[in-house]
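In what follows, a single structure is set out as structure tokens and then discussed.
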Amino acid sequence: MAQEILLDIGRELARRRQTKGLTIDELSEKTKISRHFIEAMENGSFDFLPLTYVRAFLRTYALEVGLDPDVMVRQLELAVRKQQETAPEIDASHPAESEVQKEPHGESTTIVEDIKGFYYFFRPFLFAALAIIIIIILIVTSSTEKKSEQKIKTSVQSNVTETQPTEGRQTAGESFWAKGEVAISSHPLWTLKIVATDTTWLRIVFDDSLADEAVFLPGDVRTWSSRSDFYLKLGNAGGVELYLNDKKLGIPGKPGSVANVLVNNEGIRHIPNSALPAVMNP
């Protein structure tokens, strides 16, 4: 009776997988369940790992093919109970069988199976953690390089501030971003206004310091004033509208995209990470 229930579960899983048009390999890729375990479940064999992990695999499989995971797990547990009820008791008069139960090898095998189950179940999370560690290493390396670049840039900007432009021609001390029009020291006061149309993370830097960092919700409005360029890092570039001195500059990017933006009287300009001030990545 218990075996019939297990076979019925396996046939139902295979039937629904085929109805969905999925091969075993495709299902394995979607669910991160080993092909070997999928074949075992479809053949009505659910003793390949401890019951705790088998329940998790069965639930994941059922959800993927559109079956009720709670119903499938209850059927599995019913079959397991029936197997335990019908299992023959060990006769203590047979030393060989008693010794088998006391054999320490059985305990070590269970431990190995638990470890295998843990690996297959948590494998996607382990890969995700490894990816996060790699990203952190890359960010730290990039930040170190940016600090070196910022030292050079700060030195140039110091010369620009101290040097007054000669009338009618561009001097060596003028700002790079001013492009010969006006030096940083004579910049007019700019007011940048941001209107959020969608949830957006934003970090803004001007005057060589981090001015603000926040998550903006739809309808939020913020303004900042400065005599130097504004640098922005946006987590959802399509979720805000920019205005400079009440002049609409527009949306700085596509919805959901990450963007590095320079804003001044020339408008919006997308720039690489290397052009951002070091304080943008504290």
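Convention: chains lettered A, B, ... in structure tokens order; per-chain residue numbering from 1; ligands numbered from 1 as shown.
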
For this session: Quick one: everything within 9 Å of segment 21-33 of chain A, counting only C-alpha atoms, minus sequence neighbours fewer than 6 positions away in the same chain. Send it as a list in words.
Result: Glu39, Phe57, Thr60, Tyr61, Glu64, Val65, Tyr120, Phe121, Arg123 and Pro124 of chain A

Serialized selection, N, CA and C atoms, as a CSV table (one decimal), in the first residue's frame:
chain,number,residue,atom,x,y,z
A,39,GLU,N,14.8,11.9,-11.1
A,39,GLU,CA,14.5,10.6,-11.7
A,39,GLU,C,14.0,9.7,-10.6
A,57,PHE,N,12.7,18.9,-1.5
A,57,PHE,CA,12.9,18.7,-2.9
A,57,PHE,C,11.5,18.5,-3.5
A,60,THR,N,9.6,21.8,-3.8
A,60,THR,CA,10.1,22.6,-4.9
A,60,THR,C,9.7,22.1,-6.2
A,61,TYR,N,9.8,20.8,-6.4
A,61,TYR,CA,9.3,20.2,-7.7
A,61,TYR,C,7.9,20.5,-7.9
A,64,GLU,N,7.0,24.0,-9.0
A,64,GLU,CA,7.5,24.3,-10.4
A,64,GLU,C,6.6,23.8,-11.4
A,65,VAL,N,5.9,22.6,-11.2
A,65,VAL,CA,5.1,22.0,-12.2
A,65,VAL,C,3.6,22.3,-12.0
A,120,TYR,N,23.1,19.9,-1.7
A,120,TYR,CA,22.2,20.1,-2.8
A,120,TYR,C,21.1,21.1,-2.5
A,121,PHE,N,20.7,21.2,-1.3
A,121,PHE,CA,19.6,22.1,-1.0
A,121,PHE,C,20.0,23.5,-0.9
A,123,ARG,N,22.9,24.7,-2.2
A,123,ARG,CA,23.9,25.0,-3.2
A,123,ARG,C,23.7,26.4,-3.9
A,124,PRO,N,22.4,26.8,-4.3
A,124,PRO,CA,22.2,28.1,-4.9
A,124,PRO,C,22.6,29.2,-3.9

Might you pull out every residue within 10 Å of segment 212-227 of chain A, with only C-alpha atoms counted and same-chain residues fewer than 3 positions away left off, and present them as a CSV table (one decimal) with C-alpha atoms, in the first residue's frame?
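Now in selection-v1.csv:
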chain,number,residue,atom,x,y,z
A,184,ILE,CA,34.9,77.1,-10.8
A,185,SER,CA,35.5,80.1,-8.5
A,186,SER,CA,33.2,82.2,-10.7
A,187,HIS,CA,30.4,79.7,-11.2
A,188,PRO,CA,26.9,81.0,-10.5
A,189,LEU,CA,24.9,79.4,-7.8
A,190,TRP,CA,23.0,76.3,-9.2
A,191,THR,CA,20.0,74.8,-7.6
A,192,LEU,CA,19.3,71.1,-8.5
A,193,LYS,CA,15.8,69.8,-7.8
A,194,ILE,CA,14.9,66.1,-8.0
A,195,VAL,CA,11.3,64.8,-8.2
A,196,ALA,CA,10.9,61.1,-7.7
A,197,THR,CA,8.4,59.3,-9.9
A,198,ASP,CA,9.3,55.8,-8.7
A,199,THR,CA,11.2,54.3,-5.8
A,200,THR,CA,14.9,55.2,-6.3
A,201,TRP,CA,18.1,55.0,-4.4
A,202,LEU,CA,20.3,58.0,-4.9
A,203,ARG,CA,23.7,59.3,-3.7
A,204,ILE,CA,24.7,62.9,-4.5
A,205,VAL,CA,28.1,64.6,-4.2
A,206,PHE,CA,29.1,68.3,-4.8
A,207,ASP,CA,31.8,70.6,-3.4
A,209,SER,CA,31.8,66.1,-0.3
A,230,PHE,CA,26.6,67.8,-9.1
A,232,LEU,CA,24.8,61.5,-8.9
A,233,LYS,CA,24.8,57.8,-8.6
A,234,LEU,CA,21.2,56.4,-9.2
A,235,GLY,CA,19.9,52.9,-8.5
A,239,GLY,CA,12.6,56.9,-11.4
A,240,VAL,CA,13.5,60.6,-11.1
A,241,GLU,CA,13.2,63.9,-13.0
A,242,LEU,CA,16.0,66.5,-12.8
A,243,TYR,CA,15.6,70.3,-12.8
A,244,LEU,CA,18.5,72.8,-12.8
A,245,ASN,CA,17.5,76.3,-11.7
A,264,ASN,CA,25.8,71.2,-14.7
A,280,MET,CA,31.1,58.9,-3.9

For this session: Compare A:Leu7, A:Arg17, A:Gly66, A:Tyr231 by their minimum atom-to-atom distance to Asp208 of chain A, counting only C-alpha atoms, and give me the closest one.
Result: A:Tyr231

For this session: Could you jot down the atom CA of Ile137 of chain A to atom CA of Lys254 of chain A separation for me, Å, one decimal place?
Result: 27.7 Å
